[in-house]
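Report on the structure given below.
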Amino acid sequence: MGRKLLLDKAHIEGIRYYDTYRNNGGYAAAEKALKSMSPELVIEEVKKSGLRGRGGAGFPTGLKWSFLAKPEGVPRYLVCNADESEPGTFKDRYLMEFLPHLLIEGLLISSFALGANCTYIYIRGEYAWIPDILEEAINDAKKNNWLGKNIQGTGYDLEIYVQRGAGAYICGEETALIESLEGKRGNPRIKPPFPAVKGLWQSPTVVNNVETLAAVVPIINIGGDEYAKYGTGKSTGTKLISACGNINKPGVYEIDMNISVEEFIYSDEFCGGIPNGKRLKACIPGGSSVPILPANLLLKTAKGEPRMMTYESLNDGGFATGSMMGSGGFIVLDEDQCVVRHTMSLARFYHHESCGQCSPCREGTGWMKKVLLNIENGKGKMTDIDLLWDIQRKIEGNTICPLGDAAAWPVAAAIRHFRDEFEWHVTHPEEAMIRNFGLAHYADPLPVVATAAAV
Amino acid sequence: MAFRGMQSFRTMAEEKKLFKVKIDNITVEVEPGTTILNAARLIGGDVVPPAMCYYSKLQGSGGKCRTCLVKVSKGSDADPRPMPKLVASCRTTVMDGMEVGNITSPEVLDARKGVVEFLLLNHPLDCPVCDQAGECDLQDLSYEHGVSATRYEFKRRTFDKIDIGDHIKLHMTRCILCYRCVFTADQLTNKREHGILGRGDASEISTYIQNSLDNDFIGNVIDVCPVGALTDRTARFKNRVWFLKPVDAKCECTKCSGKAVLWLRGDEIFRVTARKDKYGEVEEFICDTCRFERKDPKDWTVEGPRKVSRHSVISQGHYVGVHKPDETIAKVMDGRAPKLLMDIHDISEVNMPAVDLSKIDGPAHSNDFPKSNGVQ
């Protein structure tokens, strides 16, 4: 069933090391790209593949690459965003830890395509042991002339540096990452100018996620057209999903984007269902900042169709009844989990991680956390729920970077879909200390909205 | 600034084509590269979005406070799509044919109200004891756009007051983190020793391990601060600004232009500041010697009174150009005159309608009201 492109060789013992990786077909794509293809041709292949950014926004990678400004005499940079700090997302860690050479090969091909001679991997500080793995891999690649000067006699030079972050979620935002990489305080820049015009050291820069860059390797290996045959519609290829929460088998799964959410949660190949015979209550399908969905809306869209694990299907219905693919952090909540507590926990995270540069996010995230903490502790008022709605509405879209939106969406979605539970917390403060609201009606089938009638 | 250079080169080739922008249905022609805020300032008046962090003299400032958010309802003639989000007008450059909504857009006014609420959330609101009161941008902003009550029910964030240098007091609790002083210290003085520590709502302006700020021009951080977070220690708690009389004065100074404003009461100089334009921005930065040490009137040549042109609290005591509101009672009552139950002047001798209070010099006194009602 599940066809794999990235993790197909992950089970081979010693794949972390250069020799094993090379003997199992590694660096074939790099050889093909550097020796037989032009940079334009590589970009063309990536465009044909329909690869979309795996970091969260899902922007077409080929298009992003073609935006890169190419002034004469100015260096261009590729930066690999390995600052994976979103609660619930841990797919890049797996890739870098077990398949470092896949990332390096992807970086080599992408840098070649973009004409960058200097490439950085910005890795989050908490991944303390991974830079060593990456640096060992870089050294091995260098010894075998896959990095450094005149790579494999093609005349192309490339250096890859690993830079550790200092523990800030905001440095996963591309302009904050660039600031941090330059040695400054990790404040997001005000756009425009975009990094493609003025990025690292005022030079044109592309920032891509680890998984995106790794996916370039299979694209070159099998060709863009072949890659596009995986998945459904505009969600081409395979996606790494890091599943966690109340499931039998948490872990990183590579999915062909043509399976349904229900299959992903309940099949033995993936999550393996919910432990102890509990029932599904809610799920955050794409990392902590995307809207949470109750079970009934998660498994079926508002139109009554089964929801698929694709960018489009997860987004079906917009934020009113849908969510987002995000970065692929799949968090499952069973009937014993409390959505209020969960939302409070996320609000606390965003309050802690706000950089403090612009006022709505700096002040609003802390306010939301305090109000949610009150509701959670049984001191809430009915008006607090409307107040929360108003705060998130005034943060969303009014901030410099998407962290404000990311802080506002989970709260908005929790109130939108789980208002009953919030109200129950306010009206039953003592009971809320002892027990949870439970599953309630959140898994009941929804009446199918008649959409075709208007036509 | 290679990028800007490139742009100006291109515009020269096209013989300086001006961009037409419509802000609140008023059209203005500006040079390419102008921001929406500066285009609005060319129009002037109510369509100018308020700005708490943008400072035209400081490079890189702006975009942080979000009070200047505007709605771009039409991107340009070439690409008429509206911008999906509200944009910071101080950092967004105009396009030809752009249409912008500021006070005509309910969405903008709503968002601005939210921003003011956020800015005041952790602000101590200690205006009665704050030296900045009367010339405070945040005060003006909240009078115009804020609400009278707060919905915040929690403890406000506080910091200890610290002295940074001999002349400057930092009261971080009042700060709105506009970063203006950081840019000033960075761009005006040689050695920057202060910046932002911490993050989120715990971030604070501070110096490098509480170093003192001693530099010939560091005093300008006081002038650029929109609130009372940075105040002049030589003038702290000496007087309220609206009791002082501002005059333009000049002195011979080797370090700066010597053009300053003296804040006088009688012949005594209470404080010296730089001259500010109508948007509260310093025209020419002055040095610390002029600001903190030249407090003797003999040092200065007075040029004339300073006009405070803004609708700030500071100018509330000056009755210049005040119009009396029209009498509306007759209109409301269909032309009938109101029935007077009792004329206060029958029993009181003060507040005669014949006496114009605004023409009396100083507080009104019973001598100002000649006893004319037959009692004489």
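Chains: A, B, ... in order of the structure tokens. Residues: from 1 per chain. Ligands: from 1, in order shown.
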Within 8 Å of segment 3-10 of chain A, counting only C-alpha atoms, which residues qualify if same-chain residues fewer than 4 places away don't, as number ranges by chain?
A: 15, 24, 98-99, 214-215, 218, 238, 254-256
Put those residues in a file: C-alpha atoms, as a PDB file, in the first residue's frame.
```
ATOM      1  CA  ILE A  15      22.084   4.203   6.548  1.00  0.00           C
ATOM      2  CA  ASN A  24      22.130   1.895  -1.409  1.00  0.00           C
ATOM      3  CA  PHE A  98      18.496   8.788  10.676  1.00  0.00           C
ATOM      4  CA  LEU A  99      18.995  10.005   7.120  1.00  0.00           C
ATOM      5  CA  ALA A 214      14.964  16.101   1.176  1.00  0.00           C
ATOM      6  CA  ALA A 215      12.041  15.586  -1.218  1.00  0.00           C
ATOM      7  CA  PRO A 218      13.412  11.500  -5.116  1.00  0.00           C
ATOM      8  CA  THR A 238       4.444  11.889  -0.029  1.00  0.00           C
ATOM      9  CA  GLU A 254       5.353   8.678   5.455  1.00  0.00           C
ATOM     10  CA  ILE A 255       2.011   8.772   3.727  1.00  0.00           C
ATOM     11  CA  ASP A 256       1.084   8.825   0.098  1.00  0.00           C
TER      12      ASP A 256
END
```
Show me a table, sorted first by chain and then by increasing residue number, of the residues of chain A having an atom at most 9 Å from chain B, each with its shortest atom pair and the distance in Å to one decimal, counting only C-alpha atoms and written as CSV.
```
residue,atom,partner,partner_atom,distance
A:Arg185,CA,B:Ile196,CA,8.7
A:Ile190,CA,B:Gly63,CA,6.7
A:Lys191,CA,B:Arg91,CA,8.4
A:Pro192,CA,B:Thr92,CA,7.8
A:Lys198,CA,B:Phe3,CA,8.9
A:His351,CA,B:Gly200,CA,6.8
A:His352,CA,B:Gly200,CA,6.6
A:Glu353,CA,B:Gly200,CA,6.6
A:Ser354,CA,B:Gly200,CA,4.6
A:Cys355,CA,B:Gly200,CA,4.6
A:Gly356,CA,B:Gly200,CA,3.7
A:Gln357,CA,B:Lys64,CA,6.0
A:Cys358,CA,B:Lys64,CA,4.4
A:Ser359,CA,B:Cys65,CA,5.4
A:Pro360,CA,B:Phe118,CA,5.9
A:Cys361,CA,B:Gly200,CA,8.1
A:Arg362,CA,B:Gly200,CA,5.2
A:Glu363,CA,B:Phe118,CA,5.6
A:Gly364,CA,B:Phe118,CA,6.5
A:Thr365,CA,B:Gly200,CA,8.8
A:Gly366,CA,B:Asp201,CA,7.3
A:Trp367,CA,B:Tyr152,CA,7.7
A:Lys370,CA,B:Phe154,CA,7.7
A:Val371,CA,B:Glu153,CA,8.9
A:Leu387,CA,B:Arg151,CA,8.3
A:Asp390,CA,B:Gly114,CA,8.9
A:Ile391,CA,B:Gly114,CA,8.0
A:Arg393,CA,B:Ala111,CA,8.9
A:Lys394,CA,B:Gly114,CA,5.8
A:Ile395,CA,B:Gly114,CA,8.2
A:Gly397,CA,B:Lys85,CA,5.8
A:Asn398,CA,B:Leu86,CA,6.5
A:Thr399,CA,B:Arg66,CA,7.3
A:Ile400,CA,B:Lys64,CA,7.3
```
Write out, as a PDB file, in the first residue's frame, the residues just selected, with C-alpha atoms.
```
ATOM      1  CA  ARG A 185      17.993  39.151  18.116  1.00  0.00           C
ATOM      2  CA  ILE A 190       8.885  43.599   8.224  1.00  0.00           C
ATOM      3  CA  LYS A 191       8.078  42.444   4.717  1.00  0.00           C
ATOM      4  CA  PRO A 192       8.588  43.567   1.972  1.00  0.00           C
ATOM      5  CA  LYS A 198      16.950  40.760   0.421  1.00  0.00           C
ATOM      6  CA  HIS A 351       2.624  33.624  25.177  1.00  0.00           C
ATOM      7  CA  HIS A 352       6.028  32.267  26.109  1.00  0.00           C
ATOM      8  CA  GLU A 353       7.266  32.323  22.531  1.00  0.00           C
ATOM      9  CA  SER A 354       6.001  35.718  21.373  1.00  0.00           C
ATOM     10  CA  CYS A 355       9.006  37.837  20.453  1.00  0.00           C
ATOM     11  CA  GLY A 356       7.462  41.017  21.834  1.00  0.00           C
ATOM     12  CA  GLN A 357       8.090  43.149  18.793  1.00  0.00           C
ATOM     13  CA  CYS A 358       4.550  44.130  17.827  1.00  0.00           C
ATOM     14  CA  SER A 359       1.878  45.029  20.310  1.00  0.00           C
ATOM     15  CA  PRO A 360      -1.114  42.782  19.439  1.00  0.00           C
ATOM     16  CA  CYS A 361       0.897  39.587  19.834  1.00  0.00           C
ATOM     17  CA  ARG A 362       3.013  40.756  22.769  1.00  0.00           C
ATOM     18  CA  GLU A 363       0.059  41.803  24.907  1.00  0.00           C
ATOM     19  CA  GLY A 364      -2.724  39.681  23.414  1.00  0.00           C
ATOM     20  CA  THR A 365      -1.135  36.257  23.830  1.00  0.00           C
ATOM     21  CA  GLY A 366      -0.554  36.835  27.544  1.00  0.00           C
ATOM     22  CA  TRP A 367      -4.091  38.086  28.004  1.00  0.00           C
ATOM     23  CA  LYS A 370      -4.641  34.442  31.658  1.00  0.00           C
ATOM     24  CA  VAL A 371      -8.309  34.349  30.672  1.00  0.00           C
ATOM     25  CA  LEU A 387     -13.776  38.267  25.361  1.00  0.00           C
ATOM     26  CA  ASP A 390     -12.654  39.320  20.571  1.00  0.00           C
ATOM     27  CA  ILE A 391      -8.995  39.172  21.595  1.00  0.00           C
ATOM     28  CA  ARG A 393      -9.985  38.454  16.379  1.00  0.00           C
ATOM     29  CA  LYS A 394      -7.920  41.548  17.095  1.00  0.00           C
ATOM     30  CA  ILE A 395      -4.623  39.668  17.035  1.00  0.00           C
ATOM     31  CA  GLY A 397      -3.919  39.402  10.756  1.00  0.00           C
ATOM     32  CA  ASN A 398      -2.717  42.492  12.605  1.00  0.00           C
ATOM     33  CA  THR A 399       0.769  41.292  13.468  1.00  0.00           C
ATOM     34  CA  ILE A 400       4.120  41.442  11.704  1.00  0.00           C
TER      35      ILE A 400
END
```
For segment 126-130 of chain B, work out the shell of residues within 12 Å, counting only C-alpha atoms and skipping chain neighbours fewer than 6 positions away, then give it as a list in words.
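My list of contacting residues is Leu120, Cys136, Asp137, Leu138, Gln139, Asp140, His171, Thr173, Arg174, Val227, Gly228, Ala229, Leu230, Thr231, Asp232, Ala235, Arg236, Phe237, Lys238, Asn239, Arg240, Val241 and Val313 of chain B.
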Excluding Gly304 of chain B and any residue of its chain fewer than 4 positions from it, enumerate the residues within 9 Å of it, using only C-alpha atoms, and give them as a list of chain:residue names.
B:Val247, B:Asp248, B:Ala249
Set the distance at 10 Å and use only C-alpha atoms: which residues neighbour Asn38 of chain B once local chain neighbours fewer than 5 positions away are removed? I'd like the list as a VMD selection string.
chain B and resid 30 43 to 44 48 to 49 56 89 to 91 93 to 94
Could you tell me which of A:Gln163, A:Ser242, A:Asn248, A:Ser323 comes closest to Glu86 of chain A if we count only C-alpha atoms?
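Going through A:Gln163, A:Ser242, A:Asn248, A:Ser323 one by one, the smallest distance to Glu86 of chain A is for A:Ser242.
The interatomic distance for the pair atom CA of Val100 of chain B and atom CA of Gly146 of chain B works out to 22.4 Å.
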Got a sec: who's within 12 Å of Glu430 of chain A, counting only C-alpha atoms, leaving out chain neighbours fewer than 2 positions off, as number ranges by chain?
A: 375-380, 424-428, 432-436
Identify which of the residues A:Thr232, A:Gly62, A:Glu31, A:Leu181 lies closest to Ile151 of chain A, counting only C-alpha atoms when measuring atom-to-atom distances.
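Closest to Ile151 of chain A, using only C-alpha atoms: A:Glu31.
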Could you pull out the residues in segment 309-434 of chain A that DSSP calls helix (DSSP H, G or I) from the backbone, as an MDAnalysis selection string?
chainID A and resid 311:314 318:321 339:353 359:376 382:395 403:427 429:434
Within 8 Å of Asp225 of chain A, counting only C-alpha atoms, which residues show up once you throw out same-chain ones fewer than 3 positions away? Write them as a ChimeraX atom specification, please.
/A:45,48-49,228-229
Residues just named, written with C-alpha atoms as a PDB file, in the first residue's frame:
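The result, written out as result33.pdb:
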```pdb
ATOM      1  CA  GLU A  45      11.687  19.286 -12.602  1.00  0.00           C
ATOM      2  CA  LYS A  48       6.698  19.767 -12.623  1.00  0.00           C
ATOM      3  CA  SER A  49       6.628  17.673  -9.473  1.00  0.00           C
ATOM      4  CA  ALA A 228       3.473  14.116  -9.349  1.00  0.00           C
ATOM      5  CA  LYS A 229       1.702  10.766  -9.810  1.00  0.00           C
TER       6      LYS A 229
END
```
I'd like to know which residues of segment 189-433 of chain A are strand (DSSP E or B) (by DSSP, run on the backbone); could you write them as a VMD selection string?
chain A and resid 205 to 209 231 to 232 235 to 236 238 to 245 251 to 256 260 280 to 284 293 to 294 300 306 308 329 to 334
Quick one: write out the picked residues with N, CA and C atoms as a tab-separated table (two decimals), in the first residue's frame?
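As written to disk, part.tsv reads:
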```
chain	number	residue	atom	x	y	z
A	205	THR	N	17.87	35.15	-0.81
A	205	THR	CA	17.94	33.95	0.01
A	205	THR	C	16.66	33.13	-0.15
A	206	VAL	N	16.83	31.81	-0.19
A	206	VAL	CA	15.67	30.93	-0.14
A	206	VAL	C	15.73	30.16	1.18
A	207	VAL	N	14.63	30.16	1.90
A	207	VAL	CA	14.55	29.37	3.13
A	207	VAL	C	13.55	28.24	2.90
A	208	ASN	N	14.02	27.00	3.07
A	208	ASN	CA	13.13	25.86	2.87
A	208	ASN	C	13.20	24.92	4.06
A	209	ASN	N	12.12	24.20	4.25
A	209	ASN	CA	12.05	23.21	5.32
A	209	ASN	C	12.90	21.99	4.99
A	231	GLY	N	0.10	10.89	-4.61
A	231	GLY	CA	-0.80	11.86	-4.00
A	231	GLY	C	-2.04	12.12	-4.83
A	232	THR	N	-2.78	13.18	-4.46
A	232	THR	CA	-4.03	13.52	-5.11
A	232	THR	C	-4.01	14.98	-5.51
A	235	SER	N	-1.96	18.07	-4.16
A	235	SER	CA	-1.12	17.57	-3.07
A	235	SER	C	-0.32	16.40	-3.61
A	236	THR	N	0.79	16.71	-4.24
A	236	THR	CA	1.56	15.64	-4.88
A	236	THR	C	2.61	15.10	-3.92
A	238	THR	N	4.71	12.46	-1.34
A	238	THR	CA	4.44	11.89	-0.03
A	238	THR	C	4.70	12.93	1.04
A	239	LYS	N	4.13	12.71	2.21
A	239	LYS	CA	4.28	13.68	3.30
A	239	LYS	C	4.62	12.91	4.57
A	240	LEU	N	5.55	13.46	5.32
A	240	LEU	CA	5.83	12.88	6.62
A	240	LEU	C	4.84	13.44	7.62
A	241	ILE	N	4.22	12.53	8.38
A	241	ILE	CA	3.30	12.97	9.42
A	241	ILE	C	3.85	12.47	10.74
A	242	SER	N	3.97	13.37	11.70
A	242	SER	CA	4.40	12.94	13.03
A	242	SER	C	3.16	12.83	13.89
A	243	ALA	N	2.76	11.59	14.17
A	243	ALA	CA	1.52	11.37	14.89
A	243	ALA	C	1.81	11.19	16.37
A	244	CYS	N	0.98	11.83	17.20
A	244	CYS	CA	1.17	11.68	18.64
A	244	CYS	C	-0.17	11.87	19.33
A	245	GLY	N	-0.18	11.75	20.63
A	245	GLY	CA	-1.41	11.87	21.38
A	245	GLY	C	-1.97	10.50	21.70
A	251	GLY	N	4.42	8.09	16.19
A	251	GLY	CA	5.67	8.02	15.43
A	251	GLY	C	5.59	8.81	14.15
A	252	VAL	N	6.66	8.72	13.37
A	252	VAL	CA	6.70	9.43	12.09
A	252	VAL	C	6.30	8.47	10.98
A	253	TYR	N	5.30	8.86	10.20
A	253	TYR	CA	4.83	8.02	9.11
A	253	TYR	C	4.95	8.77	7.80
A	254	GLU	N	5.38	8.08	6.78
A	254	GLU	CA	5.35	8.68	5.46
A	254	GLU	C	4.08	8.22	4.77
A	255	ILE	N	3.26	9.16	4.38
A	255	ILE	CA	2.01	8.77	3.73
A	255	ILE	C	2.01	9.25	2.28
A	256	ASP	N	1.43	8.43	1.45
A	256	ASP	CA	1.08	8.83	0.10
A	256	ASP	C	-0.18	9.66	0.27
A	260	SER	N	-7.45	8.40	3.59
A	260	SER	CA	-8.37	9.23	4.36
A	260	SER	C	-7.85	9.37	5.79
A	280	LEU	N	-12.67	8.68	19.69
A	280	LEU	CA	-11.99	9.90	19.21
A	280	LEU	C	-12.84	11.12	19.55
A	281	LYS	N	-12.21	12.13	20.16
A	281	LYS	CA	-12.95	13.36	20.45
A	281	LYS	C	-12.56	14.49	19.50
A	282	ALA	N	-11.27	14.71	19.35
A	282	ALA	CA	-10.83	15.84	18.54
A	282	ALA	C	-9.43	15.56	18.02
A	283	CYS	N	-9.01	16.38	17.08
A	283	CYS	CA	-7.68	16.18	16.52
A	283	CYS	C	-7.17	17.49	15.93
A	284	ILE	N	-5.88	17.72	16.13
A	284	ILE	CA	-5.22	18.84	15.46
A	284	ILE	C	-4.42	18.21	14.33
A	293	LEU	N	-10.13	20.27	15.27
A	293	LEU	CA	-11.42	19.83	14.72
A	293	LEU	C	-12.03	18.78	15.62
A	294	PRO	N	-13.36	18.83	15.84
A	294	PRO	CA	-14.03	17.75	16.56
A	294	PRO	C	-14.11	16.51	15.65
A	300	LYS	N	-15.29	13.56	8.41
A	300	LYS	CA	-16.10	13.90	7.24
A	300	LYS	C	-16.11	15.41	7.07
A	306	PRO	N	-15.75	11.92	2.86
A	306	PRO	CA	-14.67	11.57	3.79
A	306	PRO	C	-13.50	12.53	3.63
A	308	MET	N	-9.72	13.59	3.46
A	308	MET	CA	-8.49	12.91	3.07
A	308	MET	C	-7.28	13.63	3.70
A	329	GLY	N	2.03	17.83	12.09
A	329	GLY	CA	2.02	17.34	13.48
A	329	GLY	C	0.61	16.92	13.83
A	330	PHE	N	0.38	15.61	13.85
A	330	PHE	CA	-0.97	15.08	13.96
A	330	PHE	C	-1.22	14.73	15.42
A	331	ILE	N	-2.02	15.55	16.12
A	331	ILE	CA	-2.24	15.34	17.56
A	331	ILE	C	-3.66	14.84	17.77
A	332	VAL	N	-3.79	13.65	18.34
A	332	VAL	CA	-5.11	13.04	18.51
A	332	VAL	C	-5.53	13.13	19.97
A	333	LEU	N	-6.76	13.56	20.21
A	333	LEU	CA	-7.29	13.65	21.56
A	333	LEU	C	-8.45	12.67	21.72
A	334	ASP	N	-8.42	11.85	22.75
A	334	ASP	CA	-9.55	10.94	22.95
A	334	ASP	C	-10.56	11.56	23.90
```
